[in-house]
Every structure is written in structure tokens, then in C-alpha cells.
Amino acid sequence: SVEHMFDELTSDVPPWLVGLNDPQREAVLHGNGPLLVIAGAGSGKTRALASRVARLVDEGVPAERVLLLTFTRRAAAEMLRRSGALISDRSVGRVWGGTFHAVGNRLLRRYGNAVGLQDGFTVIDQADTASLFGMLRTERGFSASKQRFPKKETIAAVYSRTVNARTPLAETVEDRFPWVAEHIDALRDLFRAYTARKREHNVVDYDDLLLYWSALFDSQAGNTVRGLFDHVLVDEYQDTNRSQAEILRSLCGAGGNLTVVGDDAQAIYSFRGATVENILEFPDSYEAAKVVKLEQNYRSTPQILDAANAVIEASPEVIPKRLWTERG
């Protein structure tokens with residue numbers, strides 16, 4: 001109510017708690033240990049996550065020991081902007097914020113030698129990756145074969161899917177790219193050549209940023225990297241892949257200060273290697289995890305939410321939730 005908000009604004013309630021509903025407050029005030037926040041559509045999850053970052057920094061966690069992982073750079077910037085607006089101390093700018101790939105790149109610039117990377121390595125994007133596969137396909141004579149050979153973009157997609165889903169090539173092809181099954185031996189040859197060419201030219205691709213980050217934990221720099229952060233927070237956890245989930249487990253351990261926010265009902269990136277199992281299995285993987293559900297919707301009407309709830313309930317695998325609203 002307006003009266004309740006006025007009471008908050010004129011009391012000693014910290015800015016990062018003002019206007020939050022009870023589940024949002026519970027997520028923001030959670031202490032140590034794993035936390036899973038199931039955030040239904042339109043439930044104010046960005047506000048809750050930004051408020052949690054602000055609370056951690058405001059209550060004494062050094063900003064540079066907080067890691068915020070988001071799906072896009074823009075999301076990280078927006079979340080840190082909102083966190084900074086909730087505290088007077090500008091130190092929130094020292095929070096490590098960004099995508100998995102951006103943070104991986106930053107860590108590898110500092111510790112990459114421990115996993116065999118040379119200083120000054122270059123990161124190539126997805127278009128460059130496909131172009132390199134195209135060159136190697138031609139060099140090795142596959143493009144001139146009588147049988148129609150997969151396009152460079154398809155080769156790159158098979159490679160990326162295999163790496164990110166952490167599945168054997170044969171399984172990846174059978175499940176996702178059955179039309180290239182007759183070329184599987186040639187693909188293995190291409191992938192070896194691709195890896196060798198990257199190493200020769202001190203180049204890494206986007207997938208390598210996750211692979212090398214994961215490898216850091218088994219290197220002489222492993223304990224150093226594990227000790228960098230006191231709290232790790234992850235947005236859109238339903239869109240993470242196996243590699244990203246393994247990185248988080250290596251970074252935080254089974255009982256560490258890992259907060260993940262997401263919604264299994266909004267998982268849409270399986271075609272890119274993301275697996276909804278990461279969020280569905282979180283309470284089992286992190287047995288001490290606290291689970292908080294944000295179910296109050298601030299965006300829609302009851303009629304729309306009734307339809308959405310009916311669709312969600314029809315899912316064979318779902319974390320039980322029911323969206324509701326105070327709107328008429």
C-alpha cells in the first residue's frame with residue numbers, strides 16, 4: 001500500500017529493501033550457502049537480484065569479491081546500475097559483472113599460462129570460427145568430395161554443441177544433427193585440425209573461454225581462482241549449459257555462496273546447448289540450498305496468468321509454482 005511504502009521511506013529500512021514483497025526480501029536477506037530463486041515471469045527478479053548485490057556490498061562484502069554472471073553484457077550493466085542506486089558507496093562498480101564468456105576471458109588474461117595459453121591470445125567470434133572450419137574443410141579436400149559435405153556453419157554448430165553440452169560427438173550427431181552422421185569420421189579429423197590451428201596461432205574461440213576456465217580449477221592456479229570470490233550470483237540460470245554449471249560447481253563447491261535466479265518455465269535455448277536440468281536439479285546438486293519462489297506477477301492480468309499457469313502445469317517436468325497478481 002501507499003501507506004506501507006511511506007512508512008518504509010521514513011524509517012530506517014535500507015533502500016535495497018524498500019518496496020520488496022516478502023519472498024523478494026527473503027532472497028535479498030539470505031545469508032551464506034546456496035540459494036535458488038525461482039522467478040516467475042514478471043515477478044521482479046532483476047530488482048531482487050540487484051538488491052541482493054547492493055545488500056552484500058552495503059553490509060561489508062568487498063565489491064571486488066562479488067561475481068555477477070548474466071546472459072548479456074547489457075543485463076550486467078543494468079543490474080549493477082540498479083545496485084549502485086541503492087547504496088551510497090560507489091564501490092559497487094568494482095563488482096565483477098558480465099557474461100560467462102567475458103568473465104572467462106578476464107580470468108584467462110590473468111591466469112591463462114597455467115592452462116597452456118600464451119599471453120596476448122586472440123578471441124575469435126562465431127563467424128570467424130565458421131570461416132576457419134571452411135578453410136580447413138577445403139584444405140583437407142572434404143569440400144571436393146562426391147558426397148555433399150556439411151556447410152561450415154553446420155560444422156561449427158556441431159562442434160559448439162559437442163563442447164557445451166559435454167556429450168560425445170557421436171551422441172551429439174545422433175540427437176541433434178543426424179543428417180551428418182555419414183561424415184562423423186571426417187568431422188573428428190576437422191575438429192582435431194581446428195584445435196591444432198588455433199593453438200598454432202594463439203587463438204581461442206568462445207567455447208574455449210569456458211573450457212579453459214573450467215581447466216583452471218585443475219591447474220596450479222586452481223585454488224587462487226576459487227579464492228577470488230565470496231559470493232557468486234547468476235541470472236537466467238535456466239539458460240546455462242553443462243560447462244557453465246560445472247564451472248559454478250568448481251568455483252563455489254557444494255555448500256558455497258552461490259545464488260542462482262531463473263525459471264524452468266522460461267527455458268528456450270536448448271538448441272544452443274542450454275539444459276533446463278541445471279535448474280531442475282539444483283536442489284539435489286546443492287543439498288543445503290534454500291529455495292525461494294517469486295510468484296507475484298507485476299506485469300499481467302489474472303486472465304493471462306490463468307492461461308500461463310495452465311500451460312506451465314502441463315509440463316512433465318516442472319518446479320511447482322503459480323503466478324498471481326493483485327491487479328484487476
# chains A, B, ... in the order shown; residues from 1 in each chain; ligands from 1
$ select_by_dssp --residues "range 109-271 of chain A" --states "strand (DSSP E)" --output "number ranges by chain"
A: 122-124, 203-205, 231-234, 258-262
$ write_last_selection --atoms "C-alpha atoms" --output "PDB file, in the first residue's frame"
ATOM      1  CA  THR A 122      43.094 -13.511 -29.622  1.00  0.00           C
ATOM      2  CA  VAL A 123      39.407 -14.403 -29.240  1.00  0.00           C
ATOM      3  CA  ILE A 124      37.565 -15.183 -32.461  1.00  0.00           C
ATOM      4  CA  VAL A 203      43.685 -18.105 -30.901  1.00  0.00           C
ATOM      5  CA  VAL A 204      40.698 -19.203 -28.799  1.00  0.00           C
ATOM      6  CA  ASP A 205      37.007 -19.253 -29.642  1.00  0.00           C
ATOM      7  CA  HIS A 231      29.638 -14.569  -3.385  1.00  0.00           C
ATOM      8  CA  VAL A 232      28.650 -15.661  -6.904  1.00  0.00           C
ATOM      9  CA  LEU A 233      25.258 -14.671  -8.343  1.00  0.00           C
ATOM     10  CA  VAL A 234      23.868 -15.977 -11.644  1.00  0.00           C
ATOM     11  CA  LEU A 258      26.099 -19.431  -4.933  1.00  0.00           C
ATOM     12  CA  THR A 259      22.843 -17.640  -5.771  1.00  0.00           C
ATOM     13  CA  VAL A 260      21.104 -18.656  -8.998  1.00  0.00           C
ATOM     14  CA  VAL A 261      17.969 -16.979 -10.318  1.00  0.00           C
ATOM     15  CA  GLY A 262      15.812 -18.340 -13.106  1.00  0.00           C
TER      16      GLY A 262
END
$ select_by_dssp --residues "range 169-296 of chain A" --states "helix (DSSP H, G or I)" --output "VMD selection string"
chain A and resid 169 to 176 178 to 200 206 to 216 222 to 226 237 to 239 242 to 252 264 to 266 270 to 272 277 to 280 282 to 285
$ residues_around --residues "Gly97 in chain A" --least-positions-apart "6" --cutoff "8 Å" --atoms "only C-alpha atoms" --output "JSON, numbers by chain"
{"A": [67, 68, 69, 70, 76, 77, 80, 103]}
$ residues_around --residues "range 240-242 of chain A" --least-positions-apart "5" --cutoff "9 Å" --atoms "only C-alpha atoms" --output "list of chain:residue names"
A:Phe71, A:Asn164, A:Ala165, A:Arg166, A:Ile247, A:Tyr269, A:Ser270, A:Arg272, A:Gly273, A:Ala274, A:Thr275, A:Val276, A:Asn278, A:Ile279
$ write_last_selection --atoms "N, CA and C atoms" --output "PDB file, in the first residue's frame"
ATOM      1  N   PHE A  71      23.262 -13.074 -18.666  1.00  0.00           N
ATOM      2  CA  PHE A  71      23.172 -13.638 -20.007  1.00  0.00           C
ATOM      3  C   PHE A  71      23.730 -12.689 -21.063  1.00  0.00           C
ATOM      4  N   ASN A 164      29.764 -27.624 -25.535  1.00  0.00           N
ATOM      5  CA  ASN A 164      28.956 -27.006 -24.482  1.00  0.00           C
ATOM      6  C   ASN A 164      28.051 -27.983 -23.753  1.00  0.00           C
ATOM      7  N   ALA A 165      27.565 -28.992 -24.462  1.00  0.00           N
ATOM      8  CA  ALA A 165      26.693 -29.972 -23.825  1.00  0.00           C
ATOM      9  C   ALA A 165      27.500 -31.072 -23.136  1.00  0.00           C
ATOM     10  N   ARG A 166      28.826 -31.077 -23.372  1.00  0.00           N
ATOM     11  CA  ARG A 166      29.707 -32.091 -22.776  1.00  0.00           C
ATOM     12  C   ARG A 166      29.224 -33.501 -23.123  1.00  0.00           C
ATOM     13  N   ILE A 247      31.479 -25.178 -14.126  1.00  0.00           N
ATOM     14  CA  ILE A 247      32.339 -24.075 -13.679  1.00  0.00           C
ATOM     15  C   ILE A 247      31.856 -23.559 -12.327  1.00  0.00           C
ATOM     16  N   TYR A 269      16.625 -22.067 -24.739  1.00  0.00           N
ATOM     17  CA  TYR A 269      17.873 -22.110 -25.509  1.00  0.00           C
ATOM     18  C   TYR A 269      18.492 -23.503 -25.591  1.00  0.00           C
ATOM     19  N   SER A 270      17.666 -24.559 -25.563  1.00  0.00           N
ATOM     20  CA  SER A 270      18.231 -25.901 -25.670  1.00  0.00           C
ATOM     21  C   SER A 270      18.924 -26.105 -27.015  1.00  0.00           C
ATOM     22  N   ARG A 272      20.871 -24.265 -28.327  1.00  0.00           N
ATOM     23  CA  ARG A 272      22.214 -23.695 -28.241  1.00  0.00           C
ATOM     24  C   ARG A 272      23.053 -24.391 -27.158  1.00  0.00           C
ATOM     25  N   GLY A 273      22.553 -25.511 -26.675  1.00  0.00           N
ATOM     26  CA  GLY A 273      23.315 -26.279 -25.697  1.00  0.00           C
ATOM     27  C   GLY A 273      22.882 -26.084 -24.257  1.00  0.00           C
ATOM     28  N   ALA A 274      21.964 -25.135 -24.009  1.00  0.00           N
ATOM     29  CA  ALA A 274      21.480 -24.929 -22.642  1.00  0.00           C
ATOM     30  C   ALA A 274      20.635 -26.124 -22.223  1.00  0.00           C
ATOM     31  N   THR A 275      20.646 -26.434 -20.930  1.00  0.00           N
ATOM     32  CA  THR A 275      19.854 -27.555 -20.426  1.00  0.00           C
ATOM     33  C   THR A 275      19.067 -27.134 -19.199  1.00  0.00           C
ATOM     34  N   VAL A 276      17.758 -27.321 -19.268  1.00  0.00           N
ATOM     35  CA  VAL A 276      16.888 -26.938 -18.157  1.00  0.00           C
ATOM     36  C   VAL A 276      17.161 -27.802 -16.930  1.00  0.00           C
ATOM     37  N   ASN A 278      19.798 -28.143 -15.388  1.00  0.00           N
ATOM     38  CA  ASN A 278      20.650 -27.423 -14.426  1.00  0.00           C
ATOM     39  C   ASN A 278      19.825 -26.810 -13.308  1.00  0.00           C
ATOM     40  N   ILE A 279      18.705 -26.185 -13.665  1.00  0.00           N
ATOM     41  CA  ILE A 279      17.887 -25.538 -12.635  1.00  0.00           C
ATOM     42  C   ILE A 279      16.974 -26.561 -11.949  1.00  0.00           C
TER      43      ILE A 279
END
$ residues_around --residues "Glu287 in chain A" --least-positions-apart "5" --cutoff "9 Å" --atoms "only C-alpha atoms" --output "PDB file with N, CA, C and O atoms, in the first residue's frame"
ATOM      1  N   PRO A  34      24.091 -22.034  -0.617  1.00  0.00           N
ATOM      2  CA  PRO A  34      23.421 -21.975  -1.926  1.00  0.00           C
ATOM      3  C   PRO A  34      21.989 -21.459  -1.817  1.00  0.00           C
ATOM      4  O   PRO A  34      21.283 -21.753  -0.857  1.00  0.00           O
ATOM      5  N   ALA A 254      29.983 -27.491  -3.129  1.00  0.00           N
ATOM      6  CA  ALA A 254      28.605 -27.927  -2.887  1.00  0.00           C
ATOM      7  C   ALA A 254      27.866 -27.045  -1.890  1.00  0.00           C
ATOM      8  O   ALA A 254      26.636 -26.982  -1.901  1.00  0.00           O
ATOM      9  N   GLY A 255      28.604 -26.354  -1.017  1.00  0.00           N
ATOM     10  CA  GLY A 255      27.934 -25.563   0.014  1.00  0.00           C
ATOM     11  C   GLY A 255      28.302 -24.099  -0.008  1.00  0.00           C
ATOM     12  O   GLY A 255      28.085 -23.385   0.976  1.00  0.00           O
ATOM     13  N   PHE A 282      19.096 -28.407  -9.337  1.00  0.00           N
ATOM     14  CA  PHE A 282      19.877 -27.602  -8.396  1.00  0.00           C
ATOM     15  C   PHE A 282      19.657 -28.024  -6.935  1.00  0.00           C
ATOM     16  O   PHE A 282      20.641 -28.182  -6.187  1.00  0.00           O
TER      17      PHE A 282
END
$ atom_distance --atom1 "CA of Pro23 in chain A" --atom2 "CA of Glu295 in chain A"
8.5 Å
$ closest_residue --among "A:Asp284, A:Asp89, A:Glu326, A:Glu200" --to "Pro62 in chain A" --atoms "only C-alpha atoms"
A:Asp89
$ closest_residue --among "A:Ala102, A:Ile38, A:Ala27, A:Leu190" --to "Ile319 in chain A" --atoms "only C-alpha atoms"
A:Ile38
$ residues_around --residues "Ile87 in chain A" --least-positions-apart "5" --cutoff "12 Å" --atoms "only C-alpha atoms" --output "list in words"
Pro14, Pro15, Trp16, Leu17, Ala50, Ser51, Arg52, Val53, Ala54, Arg55, Leu56, Val57, Asp58, Glu59, Gly60, Leu80, Arg81, Arg82, Val92 and Gly93 of chain A
$ closest_residue --among "A:Leu35, A:Leu216, A:Leu228, A:Leu210" --to "Ala63 in chain A" --atoms "only C-alpha atoms"
A:Leu228
$ closest_residue --among "A:Ser83, A:Thr172, A:Thr224, A:Thr72" --to "His101 in chain A" --atoms "only C-alpha atoms"
A:Thr72
$ residues_around --residues "range 296-307 of chain A" --least-positions-apart "3" --cutoff "9 Å" --atoms "only C-alpha atoms" --output "PDB file with C-alpha atoms, in the first residue's frame"
ATOM      1  CA  ASN A  21       7.442  -8.254  -1.260  1.00  0.00           C
ATOM      2  CA  GLY A  40       8.219 -16.463 -12.490  1.00  0.00           C
ATOM      3  CA  ALA A  41       7.625 -14.163 -15.439  1.00  0.00           C
ATOM      4  CA  GLY A  42       7.196 -10.511 -14.450  1.00  0.00           C
ATOM      5  CA  SER A  43       7.948 -11.219 -10.781  1.00  0.00           C
ATOM      6  CA  GLY A  44      10.624  -8.554 -10.254  1.00  0.00           C
ATOM      7  CA  ALA A 310      -2.430 -23.927 -17.144  1.00  0.00           C
ATOM      8  CA  VAL A 311       0.374 -24.242 -19.703  1.00  0.00           C
ATOM      9  CA  ILE A 312       3.067 -24.484 -17.018  1.00  0.00           C
ATOM     10  CA  ARG A 322       1.558 -20.475  -9.528  1.00  0.00           C
ATOM     11  CA  LEU A 323       1.721 -16.913 -10.790  1.00  0.00           C
ATOM     12  CA  TRP A 324      -0.736 -14.440  -9.277  1.00  0.00           C
ATOM     13  CA  THR A 325      -1.345 -10.721  -9.288  1.00  0.00           C
ATOM     14  CA  GLU A 326      -3.068  -8.019  -7.266  1.00  0.00           C
ATOM     15  CA  ARG A 327      -4.204  -6.313 -10.473  1.00  0.00           C
ATOM     16  CA  GLY A 328      -7.811  -6.434 -11.557  1.00  0.00           C
TER      17      GLY A 328
END
$ closest_residue --among "A:Val163, A:Ile155, A:Ala193, A:Ala308" --to "Ser243 in chain A" --atoms "only C-alpha atoms"
A:Val163
$ atom_distance --atom1 "CA of Arg197 in chain A" --atom2 "CA of Leu108 in chain A"
19.4 Å
$ closest_residue --among "A:Asn309, A:Ser214, A:Ser250, A:Gln266" --to "Glu236 in chain A" --atoms "only C-alpha atoms"
A:Gln266
